[in-house]
>>> print(open('coords-v9.txt').read())   # compact mmCIF, C-alpha atoms
# COMPACT_ATOMS: atom_id res chain seq x y z
CA MET A 6 -33.10 159.74 93.48
CA LYS A 7 -29.44 160.34 92.70
CA ALA A 8 -26.86 157.89 93.93
CA LEU A 9 -24.68 159.52 96.55
CA GLN A 10 -21.31 158.22 95.43
CA PRO A 11 -21.40 159.65 91.88
CA PHE A 12 -22.84 162.90 93.20
CA PHE A 13 -19.89 163.56 95.50
CA LYS A 14 -17.20 162.78 92.97
CA SER A 15 -17.59 166.40 91.90
CA PRO A 16 -16.31 169.09 94.33
CA GLU A 17 -18.95 171.42 92.88
CA ASN A 18 -21.73 169.04 93.90
CA THR A 19 -20.20 168.80 97.34
CA PHE A 20 -20.38 172.55 97.75
CA LYS A 21 -24.03 172.43 96.73
CA VAL A 22 -24.53 170.25 99.76
CA LEU A 23 -22.47 172.60 101.91
CA ILE A 24 -24.76 175.53 101.26
CA ILE A 25 -27.88 173.49 101.96
CA LEU A 26 -26.29 172.13 105.11
CA ALA A 27 -25.32 175.60 106.21
CA PHE A 28 -28.99 176.54 106.07
CA MET A 29 -29.85 174.05 108.77
CA LEU A 30 -26.90 173.38 111.04
CA HIS A 31 -27.13 174.15 114.74
CA SER A 32 -30.83 175.09 114.52
CA CYS A 33 -33.19 174.50 117.38
CA GLY A 34 -36.60 172.86 117.36
CA PRO A 35 -39.79 174.57 118.51
CA ASP A 36 -40.31 175.05 122.22
CA LYS A 37 -41.81 171.80 123.45
CA LYS A 38 -43.41 173.69 126.33
CA ALA A 39 -45.48 175.88 124.02
CA LYS A 40 -49.17 175.46 124.64
CA THR A 41 -51.18 173.94 121.85
CA GLU A 42 -53.49 176.92 121.59
CA GLU A 43 -50.46 179.21 121.18
CA LYS A 44 -48.98 177.32 118.25
CA LEU A 45 -51.12 179.03 115.61
CA VAL A 46 -50.63 182.76 115.99
CA ALA A 47 -51.83 185.26 113.42
CA LYS A 48 -53.36 188.68 113.22
CA LYS A 49 -57.13 189.05 112.86
CA ASP A 50 -56.59 189.39 109.10
CA SER A 51 -54.81 185.98 109.07
CA ILE A 52 -51.36 187.42 108.37
CA VAL A 53 -48.58 185.27 109.81
CA GLN A 54 -46.17 187.42 111.78
CA ILE A 55 -42.41 186.73 111.68
CA THR A 56 -39.94 188.94 113.52
CA THR A 57 -36.16 188.97 113.73
CA ALA A 58 -34.71 190.72 116.78
CA VAL A 59 -31.06 189.68 116.40
CA MET A 60 -30.22 186.25 114.95
CA ASP A 61 -33.61 184.59 115.33
CA PHE A 62 -37.05 183.97 113.89
CA GLN A 63 -39.98 184.67 116.19
CA SER A 64 -42.96 183.03 114.52
CA PRO A 65 -45.84 180.61 115.05
CA ASP A 66 -44.86 176.97 115.35
CA THR A 67 -47.83 175.93 113.18
CA ILE A 68 -49.62 177.55 110.23
CA PRO A 69 -52.39 176.28 107.89
CA TYR A 70 -51.78 174.86 104.43
CA GLY A 71 -52.63 176.70 101.24
CA TRP A 72 -52.07 180.40 100.74
CA ASN A 73 -50.26 182.15 103.60
CA THR A 74 -49.36 185.82 103.84
CA PHE A 75 -46.25 186.54 105.92
CA ASP A 76 -45.46 189.92 107.43
CA TYR A 77 -41.72 189.80 108.13
CA LEU A 78 -40.26 192.52 110.37
CA ASN A 79 -36.47 192.70 110.35
CA ASN A 80 -35.90 194.55 113.58
CA SER A 81 -32.18 193.70 113.64
CA ASN A 82 -29.12 195.60 112.42
CA GLU A 83 -28.33 193.19 109.54
CA THR A 84 -29.95 192.27 106.23
CA HIS A 85 -31.99 189.03 106.33
CA PHE A 86 -34.56 186.98 104.44
CA PHE A 87 -36.57 183.89 105.23
CA LEU A 88 -36.77 180.77 103.07
CA LEU A 89 -39.13 177.84 103.68
CA ASP A 90 -37.49 174.42 103.17
CA LYS A 91 -39.96 171.52 102.99
CA TYR A 92 -38.61 168.27 104.47
CA PRO A 93 -39.46 164.79 103.19
CA GLU A 94 -42.36 163.17 105.02
CA GLY A 95 -41.41 161.85 108.44
CA LYS A 96 -38.12 163.75 108.66
CA THR A 97 -37.41 166.47 111.24
CA ILE A 98 -34.56 168.58 112.52
CA GLN A 99 -33.74 165.69 114.86
CA ASP A 100 -33.02 163.49 111.83
CA THR A 101 -30.68 166.21 110.61
CA LYS A 102 -28.89 166.21 113.96
CA ASN A 103 -28.61 162.41 113.97
CA GLU A 104 -27.77 161.74 110.33
CA VAL A 105 -26.46 164.95 108.78
CA PHE A 106 -24.45 166.71 111.47
CA PRO A 107 -21.91 163.89 112.05
CA PRO A 108 -20.69 163.51 108.44
CA PHE A 109 -20.84 167.26 107.93
CA ASP A 110 -18.75 167.99 111.03
CA LYS A 111 -16.22 165.28 110.24
CA GLY A 112 -16.01 166.30 106.58
CA MET A 113 -15.47 169.94 107.44
CA ASP A 114 -12.80 169.02 110.00
CA LEU A 115 -10.92 167.11 107.30
CA ILE A 116 -11.23 169.95 104.80
CA ASN A 117 -9.99 172.44 107.40
CA GLU A 118 -6.98 170.17 108.00
CA GLY A 119 -6.17 170.34 104.30
CA LYS A 120 -7.45 166.81 103.60
CA THR A 121 -9.87 167.98 100.92
CA GLU A 122 -10.39 164.67 99.11
CA ALA A 123 -11.07 162.83 102.36
CA GLY A 124 -13.48 165.59 103.39
CA TYR A 125 -15.41 165.25 100.14
CA ALA A 126 -15.57 161.48 100.61
CA GLU A 127 -17.07 161.92 104.08
CA PHE A 128 -20.16 163.57 102.58
CA ASN A 129 -21.01 160.27 100.87
CA ASN A 130 -22.33 159.28 104.31
CA LEU A 131 -25.17 161.81 104.10
CA PRO A 132 -28.66 160.21 104.01
CA ALA A 133 -30.46 159.97 100.67
CA TRP A 134 -33.58 161.73 102.02
CA PHE A 135 -31.56 164.90 102.46
CA PHE A 136 -31.67 165.52 98.71
CA GLU A 137 -35.46 165.58 98.72
CA VAL A 138 -35.68 168.91 100.58
CA VAL A 139 -37.77 171.37 98.53
CA PHE A 140 -37.22 175.15 98.60
CA SER A 141 -40.76 176.53 98.82
CA GLY A 142 -40.58 180.32 98.73
CA GLY A 143 -40.41 183.04 101.33
CA SER A 144 -39.36 186.67 101.55
CA GLY A 145 -36.64 188.27 99.49
CA LEU A 146 -33.87 190.20 101.21
CA VAL A 147 -34.99 192.79 103.78
CA SER A 148 -32.73 195.58 105.04
CA PRO A 149 -32.41 196.44 108.76
CA LYS A 150 -35.50 197.98 110.35
CA LYS A 151 -37.59 197.25 107.23
CA ASN A 152 -40.44 194.81 106.70
CA SER A 153 -41.82 192.74 103.84
CA THR A 154 -45.19 191.20 103.01
CA THR A 155 -45.08 187.96 101.02
CA THR A 156 -47.79 185.49 100.01
CA VAL A 157 -46.95 181.90 99.00
CA LYS A 158 -48.85 178.64 98.67
CA LEU A 159 -47.67 175.78 100.89
CA GLU A 160 -48.48 172.09 101.09
CA PRO A 161 -48.87 170.40 104.49
CA GLY A 162 -45.62 169.22 105.98
CA TYR A 163 -42.58 169.96 108.08
CA TYR A 164 -40.52 172.98 107.08
CA ILE A 165 -37.41 174.80 108.20
CA LEU A 166 -37.52 178.59 108.24
CA GLU A 167 -33.99 179.86 107.58
CA CYS A 168 -31.66 182.67 106.47
CA TYR A 169 -28.15 182.09 105.08
CA VAL A 170 -26.88 185.65 104.74
CA LYS A 171 -23.38 185.76 106.23
CA MET A 172 -21.88 187.43 109.27
CA PRO A 173 -18.86 189.74 108.81
CA ASP A 174 -16.66 186.72 109.66
CA GLY A 175 -18.31 184.63 106.92
CA LYS A 176 -20.50 182.45 109.15
CA PHE A 177 -24.01 181.78 107.88
CA HIS A 178 -26.86 183.30 109.88
CA SER A 179 -28.48 179.85 109.96
CA SER A 180 -25.57 178.53 112.02
CA MET A 181 -26.06 181.46 114.42
CA GLY A 182 -29.68 180.56 115.19
CA MET A 183 -31.68 181.59 112.13
CA ALA A 184 -33.12 178.14 111.41
CA LYS A 185 -36.49 177.29 112.95
CA PRO A 186 -38.91 174.40 112.35
CA ILE A 187 -42.45 175.36 111.36
CA ILE A 188 -45.35 172.97 110.73
CA VAL A 189 -47.80 173.48 107.88
CA SER A 190 -50.90 171.72 109.18
CA ASN A 191 -53.82 169.93 107.49
CA LYS A 192 -56.07 172.84 108.38
CA LYS A 193 -56.81 174.89 105.27
CA SER A 194 -55.98 178.60 105.20
CA ALA A 195 -58.75 181.12 104.61
CA VAL A 196 -56.32 183.39 102.72
CA SER A 197 -56.67 184.02 98.97
CA PRO A 198 -53.89 185.28 96.71
CA PRO A 199 -53.92 189.07 96.27
CA SER A 200 -54.66 190.85 93.00
CA ALA A 201 -51.41 191.89 91.35
CA THR A 202 -50.74 195.35 90.00
CA THR A 203 -47.64 194.08 88.13
CA ASN A 204 -46.95 190.55 86.91
CA ILE A 205 -43.31 189.41 86.93
CA THR A 206 -41.94 186.25 85.34
CA ILE A 207 -38.53 184.73 85.94
CA SER A 208 -36.78 181.89 84.14
CA SER A 209 -33.28 180.63 83.48
CA THR A 210 -33.57 181.41 79.76
CA GLU A 211 -35.52 184.69 79.74
CA GLY A 212 -34.47 186.30 83.02
CA ILE A 213 -36.77 188.69 84.87
CA ASN A 214 -39.57 190.28 82.84
CA TYR A 215 -42.65 192.39 83.51
CA GLY A 216 -44.99 194.58 81.49
CA GLY A 217 -46.00 198.24 81.80
CA SER A 218 -44.76 201.01 84.05
CA ILE A 219 -44.50 200.81 87.84
CA THR A 220 -46.02 203.69 89.76
CA LYS A 221 -45.66 205.07 93.27
CA GLY A 222 -47.84 203.96 96.14
CA PRO A 223 -49.02 200.51 97.24
CA GLN A 224 -48.11 197.80 94.72
CA VAL A 225 -48.62 194.05 94.62
CA PHE A 226 -46.17 192.10 92.46
CA SER A 227 -46.84 188.55 91.36
CA VAL A 228 -43.76 186.42 90.59
CA GLU A 229 -44.24 183.42 88.31
CA PHE A 230 -41.39 180.90 88.27
CA LYS A 231 -41.52 179.63 84.69
CA ASP A 232 -38.70 177.23 85.51
CA GLN A 233 -36.19 176.59 88.27
CA ILE A 234 -32.59 175.40 87.97
CA VAL A 235 -29.49 175.13 90.13
CA HIS A 236 -27.16 178.00 89.17
CA GLU A 237 -23.36 178.15 89.45
CA ASN A 238 -23.62 179.06 93.12
CA PHE A 239 -25.78 175.97 93.77
CA VAL A 240 -29.04 177.79 94.54
CA GLY A 241 -32.11 178.56 92.46
CA HIS A 242 -33.26 181.95 91.21
CA ASP A 243 -35.53 184.34 93.10
CA VAL A 244 -36.68 187.97 92.86
CA ASN A 245 -35.52 190.70 95.24
CA LEU A 246 -36.61 194.34 95.14
CA VAL A 247 -33.90 196.93 95.82
CA LYS A 248 -34.19 200.70 96.19
CA LEU A 249 -31.12 202.35 94.68
CA ALA A 250 -29.36 205.51 95.82
CA ASP A 251 -27.53 207.93 93.55
CA ASN A 252 -24.22 206.33 94.53
CA THR A 253 -25.25 202.69 94.05
CA ASN A 254 -22.69 200.60 92.18
CA LEU A 255 -24.64 197.96 90.24
CA GLU A 256 -21.54 195.83 89.65
CA ALA A 257 -20.91 195.71 93.41
CA LEU A 258 -24.56 194.80 94.00
CA GLU A 259 -24.36 192.02 91.39
CA SER A 260 -21.24 190.55 93.04
CA TRP A 261 -22.74 190.80 96.52
CA MET A 262 -25.81 188.77 95.50
CA ASN A 263 -23.63 185.71 94.87
CA TRP A 264 -23.03 183.95 98.21
CA ALA A 265 -20.20 181.89 96.67
CA ASP A 266 -18.14 185.07 96.33
CA PRO A 267 -16.18 185.47 99.61
CA LYS A 268 -17.65 188.96 99.90
CA GLY A 269 -21.13 187.92 98.74
CA LEU A 270 -24.23 187.99 100.95
CA ILE A 271 -22.08 189.23 103.80
CA THR A 272 -22.61 192.06 106.28
CA PRO A 273 -22.52 194.90 105.45
CA ALA A 274 -24.61 195.08 102.29
CA PRO A 275 -23.27 197.32 99.51
CA GLU A 276 -23.51 201.05 100.01
CA GLY A 277 -26.60 202.69 98.57
CA VAL A 278 -28.98 199.71 98.53
CA THR A 279 -32.14 199.13 100.54
CA PHE A 280 -33.74 195.70 100.23
CA LEU A 281 -37.53 195.69 100.32
CA GLY A 282 -38.44 192.02 100.07
CA GLY A 283 -39.55 189.92 97.12
CA VAL A 284 -40.21 186.20 96.59
CA ASN A 285 -37.53 183.67 97.51
CA ASP A 286 -36.42 180.50 95.70
CA SER A 287 -39.60 178.64 94.62
CA PRO A 288 -40.44 175.55 92.55
CA ALA A 289 -41.02 175.70 88.80
CA GLY A 290 -44.61 176.58 87.95
CA SER A 291 -45.34 178.27 91.27
CA ILE A 292 -46.47 181.86 91.81
CA GLY A 293 -45.71 184.05 94.82
CA TYR A 294 -46.68 187.62 95.66
CA PHE A 295 -45.11 190.52 97.52
CA LYS A 296 -46.50 193.89 98.51
CA VAL A 297 -44.62 197.18 98.89
CA ASP A 298 -45.44 200.88 99.13
CA LEU A 299 -43.15 202.54 96.58
CA GLU A 300 -41.75 206.03 96.90
CA PRO A 301 -40.43 207.93 93.88
CA GLY A 302 -36.88 206.90 93.02
CA ASN A 303 -34.73 204.31 91.30
CA TYR A 304 -35.17 200.59 91.89
CA ALA A 305 -34.07 197.18 90.63
CA PHE A 306 -35.29 193.62 90.56
CA ILE A 307 -32.36 191.27 91.09
CA SER A 308 -31.88 187.54 91.60
CA GLU A 309 -29.51 185.84 94.02
CA VAL A 310 -27.38 184.24 91.30
CA PRO A 311 -24.05 185.01 89.61
CA ASN A 312 -23.87 187.15 86.46
CA THR A 313 -27.33 188.66 86.84
CA MET A 314 -26.78 191.26 84.12
CA LYS A 315 -25.78 188.65 81.55
CA LYS A 316 -28.72 186.43 82.53
CA GLY A 317 -31.28 189.25 82.42
CA MET A 318 -31.86 188.90 86.16
CA LEU A 319 -30.99 192.49 87.05
CA LYS A 320 -33.62 194.91 85.79
CA THR A 321 -33.65 198.58 86.85
CA PHE A 322 -36.66 200.90 86.74
CA SER A 323 -37.74 204.32 87.98
CA VAL A 324 -40.82 205.37 89.91
CA GLN A 325 -41.93 208.90 89.11
CA GLU A 326 -43.39 211.49 91.46
>>> encode(input="coords-v9.txt", output="structure tokens")
Amino acid sequence: MKALQPFFKSPENTFKVLIILAFMLHSCGPDKKAKTEEKLVAKKDSIVQITTAVMDFQSPDTIPYGWNTFDYLNNSNETHFFLLDKYPEGKTIQDTKNEVFPPFDKGMDLINEGKTEAGYAEFNNLPAWFFEVVFSGGSGLVSPKKNSTTTVKLEPGYYILECYVKMPDGKFHSSMGMAKPIIVSNKKSAVSPPSATTNITISSTEGINYGGSITKGPQVFSVEFKDQIVHENFVGHDVNLVKLADNTNLEALESWMNWADPKGLITPAPEGVTFLGGVNDSPAGSIGYFKVDLEPGNYAFISEVPNTMKKGMLKTFSVQE
């Protein structure tokens, strides 16, 4: 485990913490009044349903461990995703409220007052366990009124379901209510991974790669994370599927995918793009799946990192009639 003092001597490392903190701040725990038998809610085919109406996640409070298929319906007017953050054993959102909120709030107050160095120093009071949070997959970006189907493998534990796309004023969706605890139980899932029609790999050295042509109709993409690193914007790489219009500006899309850009990951999304899901930030060696029914047209796979073209993490392709 890294020592906290050396970690926060670098402003860049501090901002890494800021983005992780932004994922979780001001979230609410599951409804304590929920009946036990209502905690595990899934369709007859074992698909876990997640819905966003405005700035929320409506989902089960508990799901089984192992393979889980999530059907995410974005019924709101903004682009969202969901990412599953696995907490260290024994830690909950209440620990975050008790141990993380105070130094974060004080540090941000100091930074806003122009006392940047003092603000950075305040983050040395964050608990060591906070750096053990593991990003464990989820859906890629999903445009308004669209849905995504994603399958990932989860270990038992306590997770936070969150989205950190930004409001027009720059506030993270997580701070507006899109952070929800979800328990992965010791009950094993009956779900098996789907059979892929196209296999995608992603790595920091080779970018996004896949073999063969992609055809119209129902498709299942597997995404293998050959490695995972922290990029310049302090998050790991992922794979998002985007349908492109004739007027899509790829440079604008590339810039928008970088949250650290003041105009990045902020409402509205660039003109001429429709996000159709994907597989979110996952550990090295893991494989996730996403399903989509493709219409003829132009598409791209893109990662949520800076300089995607240079890194080979923006790949366009066409689907023929």
>>> closest_residue(input="coords-v9.txt", among="A:Val278, A:Ala250, A:Ile98, A:Leu166", to="A:Phe135", atoms="only C-alpha atoms")
A:Ile98
>>> atom_distance(input="coords-v9.txt", atom1="atom CA of A:Thr206", atom2="atom CA of A:Ser190")
29.3 Å
>>> atom_distance(input="coords-v9.txt", atom1="atom CA of A:Gly217", atom2="atom CA of A:Trp261")
28.5 Å
>>> residues_around(input="coords-v9.txt", residues="A:Thr56", least_positions_apart="2", cutoff="8 Å", atoms="only C-alpha atoms", output="list in words")
Gln54, Ala58, Asp61, Phe62, Gln63, Ser64, Tyr77, Leu78, Asn79 and Asn80 of chain A
>>> atom_distance(input="coords-v9.txt", atom1="atom CA of A:Asp243", atom2="atom CA of A:Tyr304")
16.3 Å
>>> residues_near_point(input="coords-v9.txt", point="(-42.6, 194.0, 89.0)", cutoff="6 Å", atoms="all atoms listed in the file", output="list of chain:residue names")
A:Thr203, A:Asn204, A:Ile205, A:Tyr215, A:Phe226
>>> build_atoms(input="coords-v9.txt", residues="stretch 260-278 of chain A", atoms="N, CA and C atoms", output="short mmCIF file (atom, residue, chain, number, x, y, z; two decimals), keeping the file's coordinate frame")
data_model
loop_
_atom_site.label_atom_id
_atom_site.label_comp_id
_atom_site.auth_asym_id
_atom_site.auth_seq_id
_atom_site.Cartn_x
_atom_site.Cartn_y
_atom_site.Cartn_z
N SER A 260 -22.20 191.44 92.39
CA SER A 260 -21.24 190.55 93.04
C SER A 260 -21.72 190.13 94.43
N TRP A 261 -22.32 191.07 95.15
CA TRP A 261 -22.74 190.80 96.52
C TRP A 261 -23.87 189.77 96.56
N MET A 262 -24.68 189.70 95.51
CA MET A 262 -25.81 188.77 95.50
C MET A 262 -25.39 187.32 95.32
N ASN A 263 -24.13 187.07 95.05
CA ASN A 263 -23.63 185.71 94.87
C ASN A 263 -22.94 185.24 96.15
N TRP A 264 -23.59 184.38 96.92
CA TRP A 264 -23.03 183.95 98.21
C TRP A 264 -21.68 183.26 98.04
N ALA A 265 -21.45 182.63 96.87
CA ALA A 265 -20.20 181.89 96.67
C ALA A 265 -18.99 182.80 96.56
N ASP A 266 -19.20 184.08 96.27
CA ASP A 266 -18.14 185.07 96.33
C ASP A 266 -17.80 185.29 97.81
N PRO A 267 -16.52 185.27 98.20
CA PRO A 267 -16.18 185.47 99.61
C PRO A 267 -16.79 186.73 100.22
N LYS A 268 -17.05 187.73 99.40
CA LYS A 268 -17.65 188.96 99.90
C LYS A 268 -19.14 189.03 99.60
N GLY A 269 -19.72 187.94 99.10
CA GLY A 269 -21.13 187.92 98.74
C GLY A 269 -22.04 187.58 99.91
N LEU A 270 -23.22 188.20 99.91
CA LEU A 270 -24.23 187.99 100.95
C LEU A 270 -23.66 188.12 102.35
N ILE A 271 -22.74 189.05 102.52
CA ILE A 271 -22.08 189.23 103.80
C ILE A 271 -22.33 190.63 104.34
N THR A 272 -22.44 190.75 105.65
CA THR A 272 -22.61 192.06 106.28
C THR A 272 -21.30 192.84 106.22
N PRO A 273 -21.34 194.12 105.80
CA PRO A 273 -22.52 194.90 105.45
C PRO A 273 -22.90 194.73 103.98
N ALA A 274 -24.15 195.05 103.68
CA ALA A 274 -24.61 195.08 102.29
C ALA A 274 -23.93 196.25 101.58
N PRO A 275 -23.92 196.23 100.25
CA PRO A 275 -23.27 197.32 99.51
C PRO A 275 -23.87 198.69 99.85
N GLU A 276 -23.05 199.70 99.74
CA GLU A 276 -23.51 201.05 100.01
C GLU A 276 -24.57 201.46 98.99
N GLY A 277 -25.60 202.14 99.48
CA GLY A 277 -26.60 202.69 98.57
C GLY A 277 -27.68 201.73 98.13
N VAL A 278 -27.90 200.63 98.86
CA VAL A 278 -28.98 199.71 98.53
C VAL A 278 -29.87 199.49 99.75
#
